[in-house]
Every structure is written in C-alpha cells, then in structure tokens.
file target-v8.cif (mmCIF, C-alpha atoms)
data_entry
#
loop_
_atom_site.label_atom_id
_atom_site.label_comp_id
_atom_site.auth_asym_id
_atom_site.auth_seq_id
_atom_site.Cartn_x
_atom_site.Cartn_y
_atom_site.Cartn_z
CA MET Z 1 2.05 26.28 -22.20
CA THR Z 2 1.71 25.85 -25.98
CA LYS Z 3 -0.11 23.00 -27.66
CA GLN Z 4 3.20 21.51 -28.80
CA GLU Z 5 4.68 21.66 -25.29
CA PHE Z 6 1.57 20.03 -23.82
CA VAL Z 7 1.61 17.22 -26.39
CA GLU Z 8 5.33 16.66 -25.80
CA LYS Z 9 4.75 16.46 -22.03
CA LEU Z 10 1.91 14.06 -22.63
CA SER Z 11 4.11 11.86 -24.82
CA GLU Z 12 6.61 11.71 -21.93
CA ILE Z 13 3.86 10.81 -19.45
CA LEU Z 14 2.44 8.10 -21.69
CA ASP Z 15 5.87 6.93 -22.79
CA VAL Z 16 4.58 6.82 -26.36
CA GLU Z 17 4.47 9.39 -29.15
CA VAL Z 18 1.03 11.07 -29.40
CA ASP Z 19 -0.50 14.00 -31.29
CA GLU Z 20 -3.70 15.95 -30.78
CA ASN Z 21 -5.72 13.42 -32.77
CA THR Z 22 -4.61 10.39 -30.76
CA ASP Z 23 -7.47 8.35 -29.35
CA LEU Z 24 -6.58 7.66 -25.71
CA ARG Z 25 -8.94 4.70 -25.54
CA GLU Z 26 -6.78 2.85 -28.04
CA LEU Z 27 -3.61 3.25 -25.97
CA GLU Z 28 -2.59 0.56 -23.52
CA GLU Z 29 -0.47 3.27 -21.89
CA TRP Z 30 -3.57 5.30 -20.92
CA ASP Z 31 -3.64 3.74 -17.46
CA SER Z 32 -3.54 4.80 -13.81
CA LEU Z 33 0.07 5.95 -14.08
CA ALA Z 34 -0.74 8.15 -17.08
CA MET Z 35 -3.76 9.59 -15.30
CA LEU Z 36 -1.64 10.45 -12.28
CA GLY Z 37 0.83 12.15 -14.62
CA VAL Z 38 -1.95 14.15 -16.30
CA LEU Z 39 -3.32 15.21 -12.91
CA ALA Z 40 0.18 16.39 -11.95
CA LEU Z 41 0.43 18.32 -15.22
CA TYR Z 42 -2.99 19.96 -14.74
CA ASP Z 43 -2.01 20.81 -11.18
CA GLU Z 44 1.15 22.49 -12.46
CA LEU Z 45 -0.95 24.46 -14.96
CA GLY Z 46 -3.56 25.44 -12.35
CA VAL Z 47 -6.34 23.52 -14.14
CA GLU Z 48 -9.15 22.52 -11.77
CA ILE Z 49 -10.61 19.11 -12.47
CA ASP Z 50 -13.03 16.68 -10.89
CA ILE Z 51 -11.54 13.20 -10.61
CA ASN Z 52 -14.56 11.68 -12.39
CA GLU Z 53 -13.86 13.78 -15.48
CA MET Z 54 -10.73 11.72 -16.09
CA ASP Z 55 -12.85 8.79 -17.23
CA GLU Z 56 -14.56 10.93 -19.84
CA PHE Z 57 -11.47 11.95 -21.78
CA LYS Z 58 -11.41 10.14 -25.09
CA SER Z 59 -8.66 11.93 -26.97
CA VAL Z 60 -5.61 14.14 -26.59
CA LYS Z 61 -7.82 16.92 -27.95
CA ASP Z 62 -10.11 16.50 -24.92
CA LEU Z 63 -7.11 16.91 -22.61
CA LEU Z 64 -6.04 20.06 -24.49
CA ASN Z 65 -9.55 21.49 -24.30
CA LYS Z 66 -9.68 20.91 -20.54
CA ALA Z 67 -6.45 22.88 -20.20
CA ASN Z 68 -7.84 25.64 -22.48
CA ILE Z 69 -4.99 25.20 -24.90
CA ASP Z 70 -5.80 25.87 -28.57
CA MET M 71 -9.86 0.61 10.00
CA ILE M 72 -7.43 2.71 8.00
CA LYS M 73 -8.72 5.87 6.34
CA GLY M 74 -7.14 8.32 3.95
CA TYR M 75 -7.35 9.88 0.49
CA GLY M 76 -11.12 9.21 0.45
CA VAL M 77 -10.56 5.49 0.85
CA LYS M 78 -11.21 3.06 3.72
CA LEU M 79 -9.34 -0.18 4.35
CA ILE M 80 -11.51 -2.37 6.57
CA PRO M 81 -9.99 -5.45 8.21
CA LEU M 82 -11.44 -8.55 6.52
CA GLN M 83 -14.25 -10.06 8.58
CA LYS M 84 -16.16 -13.33 8.29
CA ASP M 85 -19.20 -11.45 6.96
CA ASP M 86 -17.28 -10.43 3.84
CA LEU M 87 -15.79 -13.83 3.07
CA GLU M 88 -18.38 -14.82 0.47
CA LEU M 89 -18.05 -11.48 -1.29
CA VAL M 90 -14.27 -11.88 -1.40
CA ARG M 91 -14.60 -15.47 -2.64
CA PHE M 92 -16.91 -14.28 -5.41
CA TRP M 93 -14.37 -11.65 -6.49
CA ARG M 94 -11.46 -14.08 -6.25
CA ASN M 95 -13.22 -16.72 -8.39
CA SER M 96 -14.20 -14.25 -11.10
CA ASP M 97 -12.30 -14.64 -14.38
CA LYS M 98 -11.01 -11.10 -14.35
CA ILE M 99 -9.31 -11.53 -10.97
CA ARG M 100 -8.32 -15.17 -11.35
CA GLN M 101 -6.49 -14.63 -14.66
CA TYR M 102 -3.65 -12.80 -12.88
CA ALA M 103 -3.57 -14.92 -9.72
CA LYS M 104 -0.73 -17.36 -9.11
CA ASN M 105 -3.22 -20.00 -8.01
CA LYS M 106 -5.87 -20.17 -10.72
CA GLU M 107 -7.90 -22.94 -9.12
CA TYR M 108 -11.53 -22.37 -8.18
CA ILE M 109 -11.73 -21.52 -4.47
CA THR M 110 -14.33 -23.57 -2.61
CA LYS M 111 -16.18 -22.35 0.43
CA ASP M 112 -14.27 -24.76 2.69
CA HIS M 113 -10.92 -23.88 1.24
CA HIS M 114 -11.71 -20.19 1.66
CA LYS M 115 -12.78 -20.66 5.27
CA LYS M 116 -9.58 -22.55 6.06
CA TRP M 117 -7.51 -19.83 4.41
CA PHE M 118 -9.28 -17.17 6.49
CA GLU M 119 -8.63 -19.02 9.73
CA THR M 120 -4.96 -19.67 9.04
CA LYS M 121 -3.92 -16.57 7.07
CA LYS M 122 -1.03 -14.54 8.42
CA GLY M 123 -0.71 -10.82 7.96
CA TYR M 124 -3.19 -8.05 7.25
CA TYR M 125 -6.11 -8.29 4.85
CA PHE M 126 -8.44 -5.37 4.17
CA VAL M 127 -11.62 -4.92 2.17
CA VAL M 128 -11.33 -1.68 0.21
CA GLU M 129 -14.27 0.69 0.48
CA ILE M 130 -14.81 3.81 -1.62
CA ASN M 131 -17.98 5.92 -1.56
CA SER M 132 -19.59 3.32 0.78
CA GLU M 133 -19.01 0.61 -1.83
CA LYS M 134 -16.82 -2.44 -1.25
CA ILE M 135 -14.66 -2.70 -4.34
CA GLY M 136 -11.76 -5.06 -3.73
CA LEU M 137 -9.17 -6.57 -1.43
CA ILE M 138 -5.68 -5.48 -0.39
CA TRP M 139 -3.21 -7.26 1.83
CA LEU M 140 0.16 -7.57 3.46
CA LYS M 141 0.79 -11.29 3.68
CA LYS M 142 3.23 -12.29 6.38
CA HIS M 143 5.96 -14.75 5.46
CA ASP M 144 8.63 -15.94 7.90
CA ASP M 145 10.88 -12.94 7.46
CA PHE M 146 9.13 -10.56 5.09
CA TYR M 147 5.76 -9.13 4.08
CA GLU M 148 4.29 -9.46 0.60
CA SER M 149 1.75 -6.92 -0.63
CA GLY M 150 -0.98 -7.44 -3.16
CA PHE M 151 -4.39 -6.17 -4.14
CA TYR M 152 -7.17 -6.44 -6.65
CA ILE M 153 -10.04 -4.18 -7.58
CA TYR M 154 -13.20 -5.93 -8.73
CA GLU M 155 -15.30 -2.89 -9.61
CA ASP M 156 -14.32 -1.68 -13.10
CA LYS M 157 -15.05 1.98 -12.51
CA TYR M 158 -12.21 2.12 -9.98
CA LEU M 159 -9.72 0.41 -12.26
CA ASN M 160 -6.97 2.21 -14.16
CA ASN M 161 -7.32 5.54 -12.48
CA ILE M 162 -5.96 7.38 -9.48
CA TYR M 163 -7.89 5.19 -7.00
CA SER M 164 -5.33 2.39 -7.41
CA TYR M 165 -2.65 4.78 -6.16
CA LYS M 166 -4.78 5.95 -3.24
CA ILE M 167 -5.48 2.40 -2.07
CA VAL M 168 -1.94 1.12 -2.37
CA THR M 169 -0.34 4.21 -0.88
CA LEU M 170 -2.61 3.90 2.14
CA LEU M 171 -1.46 0.30 2.63
CA HIS M 172 2.18 1.25 2.18
CA LYS M 173 1.85 4.02 4.76
CA PHE M 174 0.47 1.44 7.15
CA ALA M 175 3.40 -0.87 6.37
CA PHE M 176 6.15 1.69 6.73
CA GLU M 177 4.72 4.04 9.37
CA ILE M 178 2.68 1.77 11.65
CA LEU M 179 4.35 -1.62 11.20
CA LYS M 180 7.74 0.10 10.77
CA LEU M 181 8.80 -2.26 8.00
CA ASN M 182 11.94 -1.47 6.04
CA GLU M 183 10.80 -3.10 2.82
CA ILE M 184 7.91 -4.97 1.32
CA TYR M 185 7.81 -7.42 -1.54
CA CYS M 186 5.34 -8.31 -4.25
CA GLU M 187 5.03 -10.87 -7.01
CA ILE M 188 3.64 -10.07 -10.45
CA LEU M 189 3.28 -12.47 -13.35
CA PRO M 190 5.30 -11.30 -16.39
CA GLU M 191 2.17 -11.19 -18.56
CA ASN M 192 0.55 -8.61 -16.26
CA LYS M 193 2.28 -5.68 -17.96
CA ARG M 194 -0.05 -3.05 -16.56
CA ALA M 195 0.59 -4.17 -12.97
CA ILE M 196 4.35 -4.17 -13.59
CA ARG M 197 4.23 -0.61 -14.92
CA PHE M 198 2.06 0.41 -11.96
CA ASN M 199 4.34 -1.15 -9.35
CA LEU M 200 7.51 0.26 -10.89
CA SER M 201 5.91 3.71 -10.73
CA LEU M 202 5.33 3.20 -7.00
CA GLY M 203 9.04 2.63 -6.51
CA PHE M 204 9.18 -1.17 -6.57
CA GLU M 205 12.39 -2.59 -8.05
CA LYS M 206 12.60 -5.89 -9.89
CA ILE M 207 14.72 -8.52 -8.16
CA SER M 208 13.75 -11.66 -10.11
CA ASP M 209 11.38 -12.75 -12.88
CA ILE M 210 8.29 -12.21 -10.78
CA LYS M 211 9.54 -10.68 -7.54
CA TYR M 212 9.82 -6.96 -6.73
CA VAL M 213 10.89 -5.02 -3.64
CA LEU M 214 9.82 -1.62 -2.35
CA THR M 215 12.20 -0.02 0.13
CA LYS M 216 11.14 2.57 2.66
CA GLU M 217 13.35 5.11 0.88
CA ASN M 218 11.66 4.55 -2.49
CA PHE M 219 8.23 4.66 -0.88
CA TYR M 220 8.94 8.11 0.54
CA LYS M 221 10.25 9.32 -2.82
CA PHE M 222 6.86 8.42 -4.32
CA LEU M 223 4.94 9.86 -1.37
CA ASN M 224 6.77 13.16 -1.40
CA LYS M 225 6.11 13.55 -5.10
CA PHE M 226 2.45 12.54 -5.25
CA GLU M 227 0.80 12.71 -1.82
CA LYS M 228 -0.63 16.19 -2.41
CA LEU M 229 -2.35 14.93 -5.56
CA LEU M 230 -3.73 11.88 -3.76
CA GLU M 231 -5.16 14.15 -1.07
CA LYS M 232 -6.52 16.74 -3.51
CA TYR M 233 -8.32 14.36 -5.83
#

call {"tool": "encode", "arguments": {"input": "target-v8.cif", "output": "structure tokens"}}
result
Amino acid sequence: MTKQEFVEKLSEILDVEVDENTDLRELEEWDSLAMLGVLALYDELGVEIDINEMDEFKSVKDLLNKANID
Amino acid sequence: MIKGYGVKLIPLQKDDLELVRFWRNSDKIRQYAKNKEYITKDHHKKWFETKKGYYFVVEINSEKIGLIWLKKHDDFYESGFYIYEDKYLNNIYSYKIVTLLHKFAFEILKLNEIYCEILPENKRAIRFNLSLGFEKISDIKYVLTKENFYKFLNKFEKLLEKY
C-alpha cells in the first residue's frame, strides 16, 4: 500500500480529511471507532501491533511508520 | 460471570456498591447521565434492591473499571455502560465490553432487540453506538436488532479476540 492510499483509507476511517502531518490528538474523530478501523487496516496489511501501542500514536506519521510505509 | 475478549463482566454485588456510587457521582460520568442529581447512599441502596435487569462491574487486567447493564423495562431491555478509568476510554476496550454484553443479550437471553438512550450532546457515544449497529428511532432513543448485532460481530469479532 502506498502512502497516499494509506492516508486516503485513514481519511475514510476518521471521516475527516487528513494528511501525514495531521496531529491525531487534535481530532475529535480519533476515538474508539477510529482505532478499531486502524486495527482492521493493520490486520489487512499484516502489521503486528500491541493494543497498548495505539495510545502512543500522536500523528498520522506515527501510523505510517508503524506500517513501514515511507 | 461473563468472560471474553480479555474482559470480565461480574454481576454487581453489595460489596461494590460504594465503588459504583463513587463512579456514578463523579463529574465525568454524571455529565452524560439523564439523572444528574447526586446519588446518596440510601438512594443507591434502594436502587440496588429494586433494580430490574442485569448489572455488571467491568473488570480488565484485575482492575474494576466501570459498569455495564441491561435494564429491564416492561417489554424491552435498555443497555448502557460507563468506563471510569481513563486509560480504557476511547479505544478498543469499549467495543470488547459492549460486544460481550450484546452477546449475552442475544445469545443467552435470546432477545430480538435492545434499546439505548443517548443525550444529543454526547456525540462520541452516538458515533460509537451507530458503529455497533444501533439505529436512531427518536431524539435520544436507539435500537439494535439481532441482525445488525451479527453484522457487527461477523465483521469485527476476530479483531476483538486478537487484540
């Protein structure tokens, strides 16, 4: 998956337009539903993640890094 | 006790009443409650003795973190929950807890639908409940049918088990 595809998917999950510099902590939409969506996306991409890591993501860039997408 | 997805739902006992009253009277829980009055010890005791339905203390990692319930009305059940501990808020744990209760409702109690009420200002809860399959039927009332519950379960249960 390319960076653009990932960011587009993320925008769909969050139901708000984001880019790689978006600060997740400032988004009201970064809630349990969004986290479930991101877990589903990581699962689809075969990304292994510990549930506690979800609380540490601060930006879209962090989500991209976790998925090893440059 | 109901167990699943790394979560335990423990039937509410007298020993936990003061803990629940403390949660319920906290500003962060009370702000979204229909009844915003301070709950006295006597009032709480009376409620416990006369309540109808199923009330569970939620336990995760040996920590009691909140309350979830299926309140029995004359001809329907109303679900609700709150999480007091912040670290379990706004993440996948909410889905684990509620899905476990819904499984109990639809698979053990064999209900065909459950209802819930959410104040319009509680946008996050509305978004959460819609994602679970609840449908809005009035300003504050929502219904979850068995069919919509299974749509959610089929889509997300593997994730709830995995994480």

call {"tool": "resolve_selection", "arguments": {"input": "target-v8.cif", "expression": "the PyMOL selection byres ((chain Z and resi 3-16) around 12)", "output": "PyMOL selection string"}}
result
(chain Z and resi 1-2+17-22+24+27-42+44-45+59-70) or (chain M and resi 197+201)

call {"tool": "atom_distance", "arguments": {"input": "target-v8.cif", "atom1": "CA of Asn105 in chain M", "atom2": "CA of Glu119 in chain M"}}
result
18.6 Å

call {"tool": "atom_distance", "arguments": {"input": "target-v8.cif", "atom1": "CA of Tyr152 in chain M", "atom2": "CA of Arg94 in chain M"}}
result
8.8 Å

call {"tool": "atom_distance", "arguments": {"input": "target-v8.cif", "atom1": "CA of Gln101 in chain M", "atom2": "CA of Lys206 in chain M"}}
result
21.5 Å

call {"tool": "residues_around", "arguments": {"input": "target-v8.cif", "residues": "range 140-149 of chain M", "least_positions_apart": "6", "cutoff": "10 Å", "atoms": "all atoms listed in the file", "output": "PyMOL selection string"}}
result
chain M and resi 121-126+168+171-172+174-175+181-187+211-214

call {"tool": "resolve_selection", "arguments": {"input": "target-v8.cif", "expression": "the PyMOL selection byres ((chain M) within 12 of (chain Z))", "output": "PyMOL selection string"}}
result
chain M and resi 76+156-166+193-202+222+225-233

call {"tool": "write_last_selection", "arguments": {"input": "target-v8.cif", "atoms": "C-alpha atoms", "output": "mmCIF file, in the frame of the given file"}}
result
data_model
loop_
_atom_site.group_PDB
_atom_site.id
_atom_site.type_symbol
_atom_site.label_atom_id
_atom_site.label_comp_id
_atom_site.auth_asym_id
_atom_site.auth_seq_id
_atom_site.Cartn_x
_atom_site.Cartn_y
_atom_site.Cartn_z
ATOM 1 C CA GLY M 76 -11.120 9.210 0.450
ATOM 2 C CA ASP M 156 -14.320 -1.680 -13.100
ATOM 3 C CA LYS M 157 -15.050 1.980 -12.510
ATOM 4 C CA TYR M 158 -12.210 2.120 -9.980
ATOM 5 C CA LEU M 159 -9.720 0.410 -12.260
ATOM 6 C CA ASN M 160 -6.970 2.210 -14.160
ATOM 7 C CA ASN M 161 -7.320 5.540 -12.480
ATOM 8 C CA ILE M 162 -5.960 7.380 -9.480
ATOM 9 C CA TYR M 163 -7.890 5.190 -7.000
ATOM 10 C CA SER M 164 -5.330 2.390 -7.410
ATOM 11 C CA TYR M 165 -2.650 4.780 -6.160
ATOM 12 C CA LYS M 166 -4.780 5.950 -3.240
ATOM 13 C CA LYS M 193 2.280 -5.680 -17.960
ATOM 14 C CA ARG M 194 -0.050 -3.050 -16.560
ATOM 15 C CA ALA M 195 0.590 -4.170 -12.970
ATOM 16 C CA ILE M 196 4.350 -4.170 -13.590
ATOM 17 C CA ARG M 197 4.230 -0.610 -14.920
ATOM 18 C CA PHE M 198 2.060 0.410 -11.960
ATOM 19 C CA ASN M 199 4.340 -1.150 -9.350
ATOM 20 C CA LEU M 200 7.510 0.260 -10.890
ATOM 21 C CA SER M 201 5.910 3.710 -10.730
ATOM 22 C CA LEU M 202 5.330 3.200 -7.000
ATOM 23 C CA PHE M 222 6.860 8.420 -4.320
ATOM 24 C CA LYS M 225 6.110 13.550 -5.100
ATOM 25 C CA PHE M 226 2.450 12.540 -5.250
ATOM 26 C CA GLU M 227 0.800 12.710 -1.820
ATOM 27 C CA LYS M 228 -0.630 16.190 -2.410
ATOM 28 C CA LEU M 229 -2.350 14.930 -5.560
ATOM 29 C CA LEU M 230 -3.730 11.880 -3.760
ATOM 30 C CA GLU M 231 -5.160 14.150 -1.070
ATOM 31 C CA LYS M 232 -6.520 16.740 -3.510
ATOM 32 C CA TYR M 233 -8.320 14.360 -5.830
#

call {"tool": "resolve_selection", "arguments": {"input": "target-v8.cif", "expression": "the PyMOL selection byres ((chain M and resi 88) around 12)", "output": "ChimeraX atom specification"}}
result
/M:82-87,89-95,109-115,118
